[in-house]
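A.B. asks: Here it is, the structure in full.
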Amino acid sequence: MRFRRFVVVLSLLTTTVLLYLLHQILKRRNGDTFNKSIFTPRESPPLYVAVVVCGQRMQEVLVMIKSALLFNSSREKLYFLIFAEERLMISFNEKLNDWRAIRSEFDFRLLPLQFPVNSEREWRNLFKPCAAQRLFLPSILETVDAALYVDTDILFLSPVADIWKFFKSFNGTQIAALSPEHEDANVGWYNRFARHPYYGPLGVNSGVMLMNLTRMREFKWEEKVLPIYKEYKLRLTWGDQDIINILFYYHSEKLYLMPCEYNYRPDHCMYMNICNVSADGIKVIHGNRGYFHSNKQPLFRTIYEAVESYQLGQNEYNEFLVPLREALQDPVIVKTNCGKISKDVLLIANKVFQKEFVGPA
């Protein structure tokens, strides 16, 4: 009798262990969970970076992630939250697991697109496919305290930790941080064309957004977003960005304004240099309106291709910085207005990667 009980108990324990191991294997195939990641509970939480990808934007997202890892010289813990179409999941998973074998300081999670059930198609196609997903992050990422949201056409030219430090600059009421849409009223879009309220004198650009998700949940962010959309939907041009502008028009005390070098765009240099970049140079560059893939201002395409060509694990100085320096000296770039800010593009890279040069002088 005792032996039979022993066999039953042993069988139950064995089954439990096997089911647990199977669960862990399946979980790791799709990136880790929020509460049990590769980072131990005693360590400080990672820096969360959220992005939404649909259509043909997968390569842009991979290049964005590579740029974050490339400039992560202090090996801060990074955690990428990637909202993607189902058909992209396998490719993302394979590539990012390959990179994680090279750079173990980051982790990722792939999440399905999630919109309000009653109006999913409408939200999914607002402005650009899936762009409105960001509006619902506070409720979806209910266990995450804070995150940096970026558009797919963003490249980091500085450590993620650099922009993350602005969270510490928030006062007691601020829930998010954005950069101005423009610096010059003469060529601003919102002050000349918007048919709805917007933040400040020139509006804000939503391509790079620090989100204190805990405070946004307490503020009941989504309960305020939905009525704004219903009232202004026929007057929106830039989709979710317009909704964000309207919300912060009515709640301006909730927004922290970041300098333009944390969301540097072609509009800052294509006519004249209107972003007074600090002594530290451009921190985050935004190739909106397809500028990473066009020759209108070739500086943007050149930076994108330099990051895309770099292979993680290679020497950053020899295989990224030197080729980029040389490429930016091309007369085609030098003669353009944006070509004049090449030195600002290279400032942080020169500081970060010069020390790691181990090749011949």
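Starting from 1 in every chain, residues are counted up; chains themselves are A, B, ... following the order of the structure tokens, and ligands are numbered from 1 as listed.
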I'd like the contact shell of Ile246 of chain A - 10 Å cut-off, only C-alpha atoms, skipping same-chain residues fewer than 5 positions apart - returned as number ranges by chain.

C.D. replies: A: 196-199, 203, 225, 228-229, 232, 240-241, 251-252

A.B. asks: Take the selection from the previous step and output its residues with all heavy atoms, as a compact mmCIF listing (two decimals), in the first residue's frame.

C.D. replies:
```txt
# COMPACT_ATOMS: atom_id res chain seq x y z
N HIS A 196 -8.18 71.78 -35.28
CA HIS A 196 -8.53 71.32 -33.94
C HIS A 196 -7.54 71.92 -32.95
O HIS A 196 -6.48 72.42 -33.35
CB HIS A 196 -8.48 69.79 -33.88
CG HIS A 196 -7.16 69.22 -34.30
ND1 HIS A 196 -6.02 69.27 -33.51
CD2 HIS A 196 -6.78 68.61 -35.46
CE1 HIS A 196 -5.01 68.71 -34.15
NE2 HIS A 196 -5.43 68.31 -35.34
N PRO A 197 -7.81 71.89 -31.66
CA PRO A 197 -6.85 72.40 -30.67
C PRO A 197 -5.56 71.57 -30.68
O PRO A 197 -5.56 70.40 -31.07
CB PRO A 197 -7.59 72.23 -29.34
CG PRO A 197 -9.02 72.05 -29.70
CD PRO A 197 -9.05 71.40 -31.04
N TYR A 198 -4.48 72.17 -30.23
CA TYR A 198 -3.20 71.46 -30.15
C TYR A 198 -2.37 72.06 -29.02
O TYR A 198 -2.62 73.18 -28.57
CB TYR A 198 -2.43 71.55 -31.48
CG TYR A 198 -2.27 72.96 -32.01
CD1 TYR A 198 -1.16 73.75 -31.64
CD2 TYR A 198 -3.21 73.51 -32.87
CE1 TYR A 198 -1.02 75.04 -32.11
CE2 TYR A 198 -3.06 74.80 -33.35
CZ TYR A 198 -1.98 75.56 -32.96
OH TYR A 198 -1.84 76.85 -33.43
N TYR A 199 -1.36 71.31 -28.60
CA TYR A 199 -0.56 71.72 -27.45
C TYR A 199 0.36 72.89 -27.80
O TYR A 199 1.06 72.87 -28.83
CB TYR A 199 0.28 70.56 -26.96
CG TYR A 199 1.23 70.94 -25.84
CD1 TYR A 199 0.80 70.93 -24.51
CD2 TYR A 199 2.54 71.34 -26.11
CE1 TYR A 199 1.65 71.29 -23.48
CE2 TYR A 199 3.40 71.70 -25.08
CZ TYR A 199 2.95 71.68 -23.77
OH TYR A 199 3.80 72.05 -22.77
N GLY A 203 2.34 72.82 -31.34
CA GLY A 203 2.01 71.41 -31.27
C GLY A 203 3.21 70.55 -30.88
O GLY A 203 4.33 71.04 -30.72
N VAL A 225 -9.30 59.72 -24.17
CA VAL A 225 -8.95 59.60 -25.58
C VAL A 225 -10.19 59.33 -26.44
O VAL A 225 -10.37 59.94 -27.51
CB VAL A 225 -7.90 58.48 -25.79
CG1 VAL A 225 -7.84 58.04 -27.25
CG2 VAL A 225 -6.53 58.95 -25.32
N ILE A 228 -12.45 62.33 -27.28
CA ILE A 228 -11.75 63.25 -28.19
C ILE A 228 -11.85 62.75 -29.63
O ILE A 228 -12.13 63.51 -30.56
CB ILE A 228 -10.27 63.40 -27.77
CG1 ILE A 228 -10.17 64.22 -26.49
CG2 ILE A 228 -9.44 64.04 -28.89
CD1 ILE A 228 -8.77 64.29 -25.91
N TYR A 229 -11.64 61.44 -29.80
CA TYR A 229 -11.72 60.89 -31.15
C TYR A 229 -13.12 61.06 -31.73
O TYR A 229 -13.28 61.45 -32.90
CB TYR A 229 -11.34 59.41 -31.14
CG TYR A 229 -11.54 58.74 -32.47
CD1 TYR A 229 -10.76 59.11 -33.57
CD2 TYR A 229 -12.52 57.78 -32.65
CE1 TYR A 229 -10.96 58.53 -34.81
CE2 TYR A 229 -12.72 57.19 -33.88
CZ TYR A 229 -11.94 57.57 -34.96
OH TYR A 229 -12.14 56.98 -36.19
N TYR A 232 -13.63 64.85 -32.71
CA TYR A 232 -12.76 65.50 -33.70
C TYR A 232 -12.37 64.60 -34.88
O TYR A 232 -11.57 65.03 -35.73
CB TYR A 232 -11.48 65.98 -33.02
CG TYR A 232 -11.68 67.10 -32.04
CD1 TYR A 232 -11.73 66.84 -30.66
CD2 TYR A 232 -11.81 68.42 -32.46
CE1 TYR A 232 -11.90 67.87 -29.74
CE2 TYR A 232 -11.98 69.45 -31.55
CZ TYR A 232 -12.03 69.17 -30.19
OH TYR A 232 -12.19 70.20 -29.30
N ASP A 240 -3.36 59.58 -34.50
CA ASP A 240 -3.13 59.52 -33.05
C ASP A 240 -2.33 60.72 -32.55
O ASP A 240 -2.51 61.16 -31.42
CB ASP A 240 -2.42 58.21 -32.68
CG ASP A 240 -1.10 58.03 -33.41
OD1 ASP A 240 -1.03 58.36 -34.60
OD2 ASP A 240 -0.14 57.55 -32.79
N GLN A 241 -1.44 61.27 -33.38
CA GLN A 241 -0.68 62.45 -32.96
C GLN A 241 -1.62 63.63 -32.71
O GLN A 241 -1.43 64.39 -31.76
CB GLN A 241 0.37 62.82 -34.00
CG GLN A 241 1.14 64.10 -33.65
CD GLN A 241 2.32 64.36 -34.54
OE1 GLN A 241 3.28 63.61 -34.56
NE2 GLN A 241 2.25 65.44 -35.32
N HIS A 251 -5.03 69.50 -21.14
CA HIS A 251 -4.33 69.10 -19.91
C HIS A 251 -2.83 69.38 -20.07
O HIS A 251 -2.01 68.49 -19.91
CB HIS A 251 -4.56 67.61 -19.63
CG HIS A 251 -6.01 67.23 -19.51
ND1 HIS A 251 -6.72 67.40 -18.35
CD2 HIS A 251 -6.87 66.70 -20.42
CE1 HIS A 251 -7.97 66.97 -18.54
NE2 HIS A 251 -8.08 66.55 -19.78
N SER A 252 -2.51 70.61 -20.38
CA SER A 252 -1.11 70.96 -20.67
C SER A 252 -0.19 70.72 -19.49
O SER A 252 1.01 70.48 -19.66
CB SER A 252 -1.02 72.43 -21.11
OG SER A 252 -1.54 73.29 -20.09
```

A.B. asks: Taking the DSSP secondary structure from the backbone, can you list the residues of segment 195-309 of chain A that are strand (DSSP E), as a list in words?

C.D. replies: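 Selecting the strand (DSSP E) positions of segment 195-309 of chain A gives Val204, Asn205, Ser206, Gly207, Val208, Met209, Leu210, Met211, Asn212, Leu255, Tyr256, Leu257, Val284, Ile285 and His286 of chain A.
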
A.B. asks: Apply DSSP to the structure's backbone, then extract all residues of segment 205-329 of chain A labelled helix (DSSP H, G or I) and return them as a ChimeraX atom specification.

C.D. replies: /A:213-219,221-235,240-250,252-254,260-262,266-268,288-293,298-309,316-328

A.B. asks: Let me see the file: selected residues, C-alpha atoms, as a PDB file, in the first residue's frame.

C.D. replies:
```
ATOM      1  CA  LEU A 213       2.009  54.289 -17.640  1.00  0.00           C
ATOM      2  CA  THR A 214       1.127  54.165 -13.952  1.00  0.00           C
ATOM      3  CA  ARG A 215       0.214  57.839 -13.911  1.00  0.00           C
ATOM      4  CA  MET A 216      -1.601  57.528 -17.240  1.00  0.00           C
ATOM      5  CA  ARG A 217      -3.778  54.780 -15.782  1.00  0.00           C
ATOM      6  CA  GLU A 218      -4.509  56.932 -12.712  1.00  0.00           C
ATOM      7  CA  PHE A 219      -5.351  59.828 -15.060  1.00  0.00           C
ATOM      8  CA  TRP A 221      -6.039  58.218 -20.183  1.00  0.00           C
ATOM      9  CA  GLU A 222      -8.156  56.004 -22.404  1.00  0.00           C
ATOM     10  CA  GLU A 223     -11.405  57.336 -20.991  1.00  0.00           C
ATOM     11  CA  LYS A 224     -10.314  60.777 -22.215  1.00  0.00           C
ATOM     12  CA  VAL A 225      -8.952  59.601 -25.584  1.00  0.00           C
ATOM     13  CA  LEU A 226     -12.189  58.016 -26.817  1.00  0.00           C
ATOM     14  CA  PRO A 227     -14.420  61.124 -26.478  1.00  0.00           C
ATOM     15  CA  ILE A 228     -11.746  63.245 -28.188  1.00  0.00           C
ATOM     16  CA  TYR A 229     -11.721  60.886 -31.146  1.00  0.00           C
ATOM     17  CA  LYS A 230     -15.514  60.909 -31.429  1.00  0.00           C
ATOM     18  CA  GLU A 231     -15.674  64.711 -31.372  1.00  0.00           C
ATOM     19  CA  TYR A 232     -12.765  65.495 -33.698  1.00  0.00           C
ATOM     20  CA  LYS A 233     -12.374  62.440 -35.961  1.00  0.00           C
ATOM     21  CA  LEU A 234     -13.453  64.304 -39.112  1.00  0.00           C
ATOM     22  CA  ARG A 235     -10.836  66.988 -38.468  1.00  0.00           C
ATOM     23  CA  ASP A 240      -3.129  59.520 -33.050  1.00  0.00           C
ATOM     24  CA  GLN A 241      -0.680  62.446 -32.961  1.00  0.00           C
ATOM     25  CA  ASP A 242      -3.589  64.875 -33.365  1.00  0.00           C
ATOM     26  CA  ILE A 243      -5.519  63.126 -30.583  1.00  0.00           C
ATOM     27  CA  ILE A 244      -2.505  63.438 -28.287  1.00  0.00           C
ATOM     28  CA  ASN A 245      -2.181  67.129 -29.152  1.00  0.00           C
ATOM     29  CA  ILE A 246      -5.844  67.757 -28.383  1.00  0.00           C
ATOM     30  CA  LEU A 247      -5.632  65.931 -25.059  1.00  0.00           C
ATOM     31  CA  PHE A 248      -2.593  67.914 -23.933  1.00  0.00           C
ATOM     32  CA  TYR A 249      -4.221  71.152 -25.093  1.00  0.00           C
ATOM     33  CA  TYR A 250      -6.838  70.545 -22.412  1.00  0.00           C
ATOM     34  CA  SER A 252      -1.114  70.963 -20.670  1.00  0.00           C
ATOM     35  CA  GLU A 253       0.103  70.568 -17.092  1.00  0.00           C
ATOM     36  CA  LYS A 254       0.392  66.811 -17.713  1.00  0.00           C
ATOM     37  CA  CYS A 260      14.297  68.816 -30.243  1.00  0.00           C
ATOM     38  CA  GLU A 261      17.515  66.752 -30.331  1.00  0.00           C
ATOM     39  CA  TYR A 262      15.522  63.868 -28.850  1.00  0.00           C
ATOM     40  CA  PRO A 266      14.154  66.526 -41.624  1.00  0.00           C
ATOM     41  CA  ASP A 267      12.031  69.610 -40.904  1.00  0.00           C
ATOM     42  CA  HIS A 268      14.742  70.747 -38.492  1.00  0.00           C
ATOM     43  CA  ASN A 288       9.549  60.503 -40.842  1.00  0.00           C
ATOM     44  CA  ARG A 289       7.771  60.742 -44.201  1.00  0.00           C
ATOM     45  CA  GLY A 290      10.086  58.091 -45.628  1.00  0.00           C
ATOM     46  CA  TYR A 291      13.325  60.081 -45.365  1.00  0.00           C
ATOM     47  CA  PHE A 292      15.338  57.015 -44.326  1.00  0.00           C
ATOM     48  CA  HIS A 293      14.554  55.564 -47.747  1.00  0.00           C
ATOM     49  CA  PRO A 298      20.535  61.887 -48.124  1.00  0.00           C
ATOM     50  CA  LEU A 299      22.002  62.364 -44.644  1.00  0.00           C
ATOM     51  CA  PHE A 300      19.023  60.498 -43.174  1.00  0.00           C
ATOM     52  CA  ARG A 301      19.304  57.567 -45.556  1.00  0.00           C
ATOM     53  CA  THR A 302      23.057  57.347 -44.980  1.00  0.00           C
ATOM     54  CA  ILE A 303      22.660  57.092 -41.203  1.00  0.00           C
ATOM     55  CA  TYR A 304      19.974  54.433 -41.573  1.00  0.00           C
ATOM     56  CA  GLU A 305      22.098  52.365 -43.967  1.00  0.00           C
ATOM     57  CA  ALA A 306      25.130  52.626 -41.672  1.00  0.00           C
ATOM     58  CA  VAL A 307      23.172  51.109 -38.775  1.00  0.00           C
ATOM     59  CA  GLU A 308      21.513  48.545 -41.026  1.00  0.00           C
ATOM     60  CA  SER A 309      24.868  47.386 -42.407  1.00  0.00           C
ATOM     61  CA  GLU A 316      31.771  49.510 -33.375  1.00  0.00           C
ATOM     62  CA  TYR A 317      34.569  51.899 -34.266  1.00  0.00           C
ATOM     63  CA  ASN A 318      35.861  50.097 -37.329  1.00  0.00           C
ATOM     64  CA  GLU A 319      32.601  48.725 -38.659  1.00  0.00           C
ATOM     65  CA  PHE A 320      30.161  51.518 -37.836  1.00  0.00           C
ATOM     66  CA  LEU A 321      31.752  54.838 -36.934  1.00  0.00           C
ATOM     67  CA  VAL A 322      34.529  54.924 -39.567  1.00  0.00           C
ATOM     68  CA  PRO A 323      32.228  53.981 -42.483  1.00  0.00           C
ATOM     69  CA  LEU A 324      29.628  56.509 -41.307  1.00  0.00           C
ATOM     70  CA  ARG A 325      32.205  59.298 -41.068  1.00  0.00           C
ATOM     71  CA  GLU A 326      33.362  58.566 -44.587  1.00  0.00           C
ATOM     72  CA  ALA A 327      29.839  58.346 -45.977  1.00  0.00           C
ATOM     73  CA  LEU A 328      28.840  61.694 -44.484  1.00  0.00           C
TER      74      LEU A 328
END
```

A.B. asks: Could you check which of A:Leu178, A:Cys338, A:Val160, A:Leu113 is closest to Ile140 of chain A, using only C-alpha atoms?

C.D. replies: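 Ranked by minimum distance to Ile140 of chain A, first place goes to A:Leu113.
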
A.B. asks: My list of candidates is A:Leu135, A:Tyr256, A:Asn276, A:Glu105. Which is closest to Lys168 of chain A when distances are computed with only C-alpha atoms?

C.D. replies: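 Going through A:Leu135, A:Tyr256, A:Asn276, A:Glu105 one by one, the smallest distance to Lys168 of chain A is for A:Tyr256.
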
A.B. asks: Using only C-alpha atoms, which residue out of A:Gly188, A:Leu202, A:Phe193, A:Asp162 lies closest to Val284 of chain A?

C.D. replies: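 Going through A:Gly188, A:Leu202, A:Phe193, A:Asp162 one by one, the smallest distance to Val284 of chain A is for A:Asp162.
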
A.B. asks: Find, counting only C-alpha atoms, the residue in A:Glu142, A:Asp153, A:Asp330, A:Glu86 that gets nearest to Leu111 of chain A.

C.D. replies: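 Residue with the minimum atom-to-atom distance to Leu111 of chain A: A:Glu86.
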
A.B. asks: Which residues come within 10 Å of Ser73 of chain A, counting only C-alpha atoms, excluding same-chain residues fewer than 6 positions away, as an NGL selection string?

C.D. replies: :A and (158-159 or 352-353 or 356)

A.B. asks: Extract, using only C-alpha atoms, all DNA, RNA and protein residues at most 9 Å from Lys128 of chain A, discarding same-chain residues fewer than 3 positions from it, and format them as a PyMOL selection string.

C.D. replies: chain A and resi 124-125+131-132+238-239

A.B. asks: Now that the selection is made, can you save its residues with N, CA and C atoms as a PDB file, in the first residue's frame?

C.D. replies:
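part-v3.pdb was written with the following content:
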```pdb
ATOM      1  N   ARG A 124      -7.632  50.616 -36.039  1.00  0.00           N
ATOM      2  CA  ARG A 124      -6.509  49.964 -36.702  1.00  0.00           C
ATOM      3  C   ARG A 124      -6.034  50.760 -37.915  1.00  0.00           C
ATOM      4  N   ASN A 125      -6.941  51.434 -38.594  1.00  0.00           N
ATOM      5  CA  ASN A 125      -6.604  52.142 -39.827  1.00  0.00           C
ATOM      6  C   ASN A 125      -6.549  53.657 -39.672  1.00  0.00           C
ATOM      7  N   ALA A 131      -1.029  52.503 -36.100  1.00  0.00           N
ATOM      8  CA  ALA A 131      -0.342  53.570 -35.359  1.00  0.00           C
ATOM      9  C   ALA A 131      -1.067  53.921 -34.068  1.00  0.00           C
ATOM     10  N   ALA A 132      -2.389  53.786 -34.050  1.00  0.00           N
ATOM     11  CA  ALA A 132      -3.167  54.169 -32.870  1.00  0.00           C
ATOM     12  C   ALA A 132      -3.001  53.204 -31.708  1.00  0.00           C
ATOM     13  N   TRP A 238      -3.293  63.861 -38.755  1.00  0.00           N
ATOM     14  CA  TRP A 238      -2.178  63.007 -38.350  1.00  0.00           C
ATOM     15  C   TRP A 238      -2.587  61.962 -37.315  1.00  0.00           C
ATOM     16  N   GLY A 239      -3.865  61.592 -37.321  1.00  0.00           N
ATOM     17  CA  GLY A 239      -4.344  60.475 -36.519  1.00  0.00           C
ATOM     18  C   GLY A 239      -4.063  60.593 -35.031  1.00  0.00           C
TER      19      GLY A 239
END
```

A.B. asks: What is the atom CA of Phe167 of chain A to atom CA of Glu60 of chain A distance in Å?

C.D. replies: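 Here the two named atoms are 26.1 Å from each other.
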
A.B. asks: Could you check which of A:Phe170, A:Pro180, A:Glu94, A:Val187 is closest to Val204 of chain A, using only C-alpha atoms?

C.D. replies: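 Ranked by minimum distance to Val204 of chain A, first place goes to A:Pro180.
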
A.B. asks: List as a list in words the protein and nucleic acid residues near Thr336 of chain A, meaning an atom at most 10 Å away when only C-alpha atoms are counted, but skip any in the same chain fewer than 6 places from it.

C.D. replies: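 In the requested form, the answer reads Cys269, Met270, Tyr271, Lys296, Gln297, Pro298 and Leu299 of chain A.
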
A.B. asks: Would you mind exporting the chosen residues as a PDB file, in the first residue's frame, restricted to N, CA and C atoms?

C.D. replies:
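Here's the written file selection19.pdb:
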```
ATOM      1  N   CYS A 269      16.135  70.726 -40.481  1.00  0.00           N
ATOM      2  CA  CYS A 269      17.334  71.149 -41.223  1.00  0.00           C
ATOM      3  C   CYS A 269      17.117  71.329 -42.726  1.00  0.00           C
ATOM      4  N   MET A 270      16.001  70.920 -43.284  1.00  0.00           N
ATOM      5  CA  MET A 270      15.865  70.892 -44.746  1.00  0.00           C
ATOM      6  C   MET A 270      15.849  72.293 -45.381  1.00  0.00           C
ATOM      7  N   TYR A 271      15.371  73.273 -44.650  1.00  0.00           N
ATOM      8  CA  TYR A 271      15.393  74.644 -45.165  1.00  0.00           C
ATOM      9  C   TYR A 271      16.502  75.454 -44.507  1.00  0.00           C
ATOM     10  N   LYS A 296      15.922  62.726 -50.733  1.00  0.00           N
ATOM     11  CA  LYS A 296      15.573  64.140 -50.597  1.00  0.00           C
ATOM     12  C   LYS A 296      16.572  64.858 -49.695  1.00  0.00           C
ATOM     13  N   GLN A 297      16.902  64.228 -48.584  1.00  0.00           N
ATOM     14  CA  GLN A 297      17.967  64.701 -47.697  1.00  0.00           C
ATOM     15  C   GLN A 297      18.809  63.465 -47.377  1.00  0.00           C
ATOM     16  N   PRO A 298      19.817  63.174 -48.207  1.00  0.00           N
ATOM     17  CA  PRO A 298      20.535  61.887 -48.124  1.00  0.00           C
ATOM     18  C   PRO A 298      21.221  61.598 -46.799  1.00  0.00           C
ATOM     19  N   LEU A 299      21.405  62.610 -45.954  1.00  0.00           N
ATOM     20  CA  LEU A 299      22.002  62.364 -44.644  1.00  0.00           C
ATOM     21  C   LEU A 299      21.193  61.323 -43.878  1.00  0.00           C
TER      22      LEU A 299
END
```

A.B. asks: When you draw a straight line from atom CA of Lys165 of chain A to atom CA of Leu69 of chain A, how long is it in Å?

C.D. replies: 17.4 Å

A.B. asks: Could you list, as a ChimeraX atom specification, every residue within 7 Å of segment 106-108 of chain A, counting only C-alpha atoms and ignoring same-chain residues fewer than 2 positions away?

C.D. replies: /A:31-32,77-81,100,103-104,110

A.B. asks: Point out the residue among A:Phe156, A:Trp123, A:Phe83, A:Tyr264 with the least atom-to-atom distance to Ile341 of chain A, counting only C-alpha atoms.

C.D. replies: A:Tyr264

A.B. asks: What's around Arg134 of chain A at 9 Å? Count only C-alpha atoms, leave out sequence neighbours fewer than 4 positions away in its own chain, and write the answer as a list in words.

C.D. replies: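 What passes the distance filter is Ala50, Val51, Val52, Cys130, Pro138, Tyr149 and Asp240 of chain A.
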
A.B. asks: Just give me the gap between atom CA of Arg57 of chain A and atom CA of Leu346 of chain A in Å, one decimal is fine.

C.D. replies: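 So the answer is 25.8 Å.
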